[in-house]
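Everything on this sheet refers to the single structure shown next.
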Amino acid sequence: MAEERIELPQGTLDLLILKALALESMHGWAISERLQQISREALQVQQGSLYPALHRLERRGWIKAHWATSENNRRAKYYTLTPRGRKQLEVEITAWRKLTVAVAHVLDIA
Amino acid sequence: MLNDLLYRLRALIHRREMDAEVDDELRDHLERETEKYRRAGFTPTEAARRAHLALGGREQVKQQSRDSRGTKFVEEVHQDFRYALRSFARTPGLTLLIVLSLAIGIGANTAIFSITSTLLLKPLPYPSPDRIAMLWLRSPGIGIPQDWPSPGQYRDIVTQNHVFEDTALARGDNLILTEHAKAVKVDVIRTTASLLPMLGARPMLGRIFLPEEDQPGKPETVVLTYGFWQREFGSDPNIVGRSITLNGAPHTVVGVLPAKFRLNHEVIPTVAGIDKPDLFLPPEAEAKDPGNYGSENYNILARLKPGVTMSQAQSDIAVIAARLRQEKHRDPSFTISVVPLNDQVVGNVRTAVLILLGGVALVLLIACTNVANLLLSRAAVRQREIAIRAALGAGRVRVVRQLLTESISLSLMGGVAGMAVAALGIFITRKIHPGNIPRLDELGIDLRVLGFTLAISILTGIIFGLAPALRASRVDLVTNLKAGGKGSSVGGLSIRHDKLRGALVIAELAISLPLLVGAGLLVRSFVRLAHVPPGFNPQHVLSMNVAAYGPHFQSTQRIQFYQQLTERVSHLPGVTATGAVSALPLTPSVGWGGVLIEGYVPPANEPELQVDLRVATPTYFSAMQIPLIRGRMFADTDTRNMPSVAIIDQAMANRFWPHGDAVGKRIRRSDETPWTTVVGVVGVVKEYGLDTDARMVVYYPHAQVPAGTMYVVARTTNDSASTADAIVHAINAIDPEVPVYDVTTMQQRLQDSMARQRFAMTMLGGFAGFAMILAAIGIYGVMSFLVTQGTADIAIRMALGAHRASILSLVFQQGMRLALVGLVVGFAGALALTRMMSSLLFGVTPTDPLTFFSVFALLLLVALFACLFPAGRAMRIDPMVALRTE
């Protein structure tokens, strides 16, 4: 099964995290679970690379973090999309679409 | 962007908290992941294993998270820096030597750079100062190197030149201000209206002179300087329009100049020798007379038209000078020279300053050599440590960065210490400032120099840190670790295997020697100079300027005044003799003119005979202890009704009456004046300084040629200030309206006359001292490095039976061989370099053998001492201990 998974291209992890957080605030583990689920287990998200990515996004001001109590009374660090993050998400989605269309076009023609 | 920076800053400050948070977060993640697997039916151990596997290396994740916070670089630098400090603490001696070398090099450099920029580079505080020039008459053929022009010549220059935009005529003068109870001597400059605007002066109050005030028949007006206005009129804001009394006549104050306007003796050396003018007056009547060629007492300043060079101006003025030479029958060597104002001001200090600058460059070179040397040693000793770090996975970049951090820290410490040295140097320079070096009172560390220092110090760190760092980072791990890290590249106890280091030591000594020789020559010159007999006895002689002039001082009153003065002062307690002269030796006062000798017809090509003219009271010679060689002194009977008499000095007697028969011969000042009989011959006096040969002198008795302004001298039993006060008081008691000023001892005047030489000597001596210390540090550093490297070598020799004495001589031989080579090279260099100093030397040749050999011996001794400690250490090595640690 593992062999069928696609390695995430450089930079797309940020996009996926932003997308996952667009719906609601989540803690780290939940984000990794969500990414697995919505990509229908097709994408290989290295759990280890998730956390450095979260710090990077926070540094850029696209997400914010705060500690809160989770469903079973455990403290967890929740990440929320900031307004700037939301804009960035749109920018990145547009860019991604353009890229995929262009790449697909090239592939079709060639 | 701002957000990003704030985040990084926060991350840097709350580093620990953020690390703990990541820890918590990862733990939470692992717990949830484990739970997930448990729920899926795995055993707790298996679930935990899978969870860990999915996350990957926890420490790695933590490290990556830390990296993505963007503080990695700063943290590493911080780490490097802490590490550097620790390594400095481990080798305090070496660190101290490096910092000291840098501090001396950078400090001396900054101090001298500040001085140079103040003296030579800082433009004069006038608008486009490079276009202002001063005009001088020169007649080198008849022994007049420089003389003041006259109003007639000024008029010719103004009307005939094609190069000047503006010209100004000025004359220094002394006046008496009688506004207060006691008369005050006032230094003034009488000038055309053009001078002040040419120097960029704007009035702070009122106005400056109007062009029409250059014309005859205008009311008497004055413009005050700020200092004078403040001192004499208590900064009275309503001064403009007020009348003040100068030389008994009312003058209206029309303006006050601002505080920042500076004009002093260095810029405009007036005939009156005044230091700073207190006020300005319009030109007097004789200056307004275009036919006045006789009164050569004026300064001419000119501003060049834009685009005209100084040499163009010079050739234009040469034409006018040639015309004057012909029309006015001047001597054939007569010229008018155009001197750029800056040269005028800096003049003869330039050579000294440039030599100092060369000296400092050499010191900086030695300092850098030292630092390079010591850093190389440092890196070599640490090869094993670097090899270990490399083996533990430190990248090459990381190692180089570490070493660079260290050397930059070192150079920064050196830079800071250097600033302290510079500040100290400037403080000392200001302290010893002789007062007659132009513009030195403006000295201070300026910010540009500070930046320059920091740049040098950091650059030194980078350049001299990079080479050893790169070399050290290219280490061969295996060889180094195996070799026990004592530097496989170095061949034990022989400098021959380390040519670079040896060359550095040679260079240091080769550079130090010329510096020390230069300083030595200056010291010898100074000693020679100080031993030149001035022609009078300067011990316990008080001197002061007394100005008995003004409308109520006609000839008779002047004679009476000075007779009364001599009478009263000589009876004061503590005074043994007193007298007066019109121009005292070693003061700016002057007086010269032509003389004709009965029976002597000058050859046709020889110009008019010029001599120094002095007026003296009968007791002047005995008070100064100027010896009488032949004939008699002036007597009280040499009055106006008696035949006119003169005393000449021995220089004149020897020239015209070499057979000792001068007494009774007759001289006169011009064809119109009656003959004067020579009644005595006195010793030669150094009028202009110990290093200058005076012209021939003719003295006239005051009772026959009554001058107003005289220098009064009094030989006293001690130099106490109370005696001086008593004398001034006694003179004031005769006439309170006669100002007394410039009160000081002849000893002090003598000291002041040597101030320039003392300054140059002290400065170059300081450098040479620094150079010597640095060279000693250099030899010491290299030799002790050699001993450290060669410990095993020495231990083996000892174990094989070598005597301690032979070890000692081995180390000595190594060090002294380098030292000797360096000294020989330096000796040759000094022979070539000191020739440039000849203008600064007095009574010593630039290749003075005594100086050369003493310096050679001194440096040899210093080198010997520098080797002594490392050699002693080598001798005390315990072979057992040394070999075991290997």
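Ordering of the structure tokens sets the chain letters (A, B, ...); residue numbers start at 1 within each chain; ligands are numbered from 1 in the order shown.
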
Exercise for the section: Find the spatial neighbours of region 75-84 of chain A, counting only C-alpha atoms, within a cut-off of 9 Å - ignore same-chain residues fewer than 5 positions away - and output them as a PyMOL selection string. Expected result: (chain A and resi 18+21-28+54+58+61-70+89) or (chain B and resi 21+24-25+28-29)

Handout entry: Selection near region 781-788 of chain B, 8 Å with only C-alpha atoms, sequence-local residues under 3 positions removed, as a list in words
Key = Leu94, Asn373, Leu374, Ser377, Gly492, Leu493, Ser494, Ile495, Arg501, Gly502, Val505, Ile777, Gly778, Thr791, Val811, Gly815, Cys867, Phe869, Pro870, Ala871, Arg873 and Ala874 of chain B

Handout entry: chain B contacts on chain A, only C-alpha atoms, 6 Å, as number ranges by chain
Key = A: 29, 47-48, 52, 55-56, 59-60

Practice task
Please provide as a PyMOL selection string all residues within 9 Å of Ser32 (chain A), with the sequence filter that same-chain residues fewer than 5 positions apart are discarded (counting only C-alpha atoms).
Solution key: chain A and resi 17+27+37+45-47+50

Problem - Residues of region 77-178 of chain B in alpha helix (DSSP H), written as an NGL selection string - result: :B and (77-90 or 92-116 or 151-160)

Closest pair table for region 291-310 of chain B residues within 9 Å of region 157-181 of chain B, only C-alpha atoms, as a tab-separated table:
```
residue	atom	partner	partner_atom	distance
B:Asn297	CA	B:Arg171	CA	6.5
B:Tyr298	CA	B:Arg171	CA	4.8
B:Asn299	CA	B:Ala170	CA	5.1
B:Ile300	CA	B:Leu169	CA	4.8
B:Leu301	CA	B:Ala168	CA	5.1
B:Ala302	CA	B:Thr167	CA	4.2
B:Arg303	CA	B:Asp166	CA	5.2
B:Leu304	CA	B:Phe164	CA	4.4
B:Lys305	CA	B:Glu165	CA	4.6
B:Pro306	CA	B:Glu165	CA	8.0
B:Val308	CA	B:Val163	CA	6.5
B:Thr309	CA	B:Val163	CA	8.8
```

Practice task
Skip Thr34 (chain B) itself and residues of its chain fewer than 5 positions away, then list as an MDAnalysis selection string all residues within 8 Å of it, counting only C-alpha atoms.
Solution key: chainID B and resid 44 47:48 50:51

Fill in the blank from the handout: note - CA of Thr617 (chain B) and CA of Ile142 (chain B) are separated by 29.4 Å
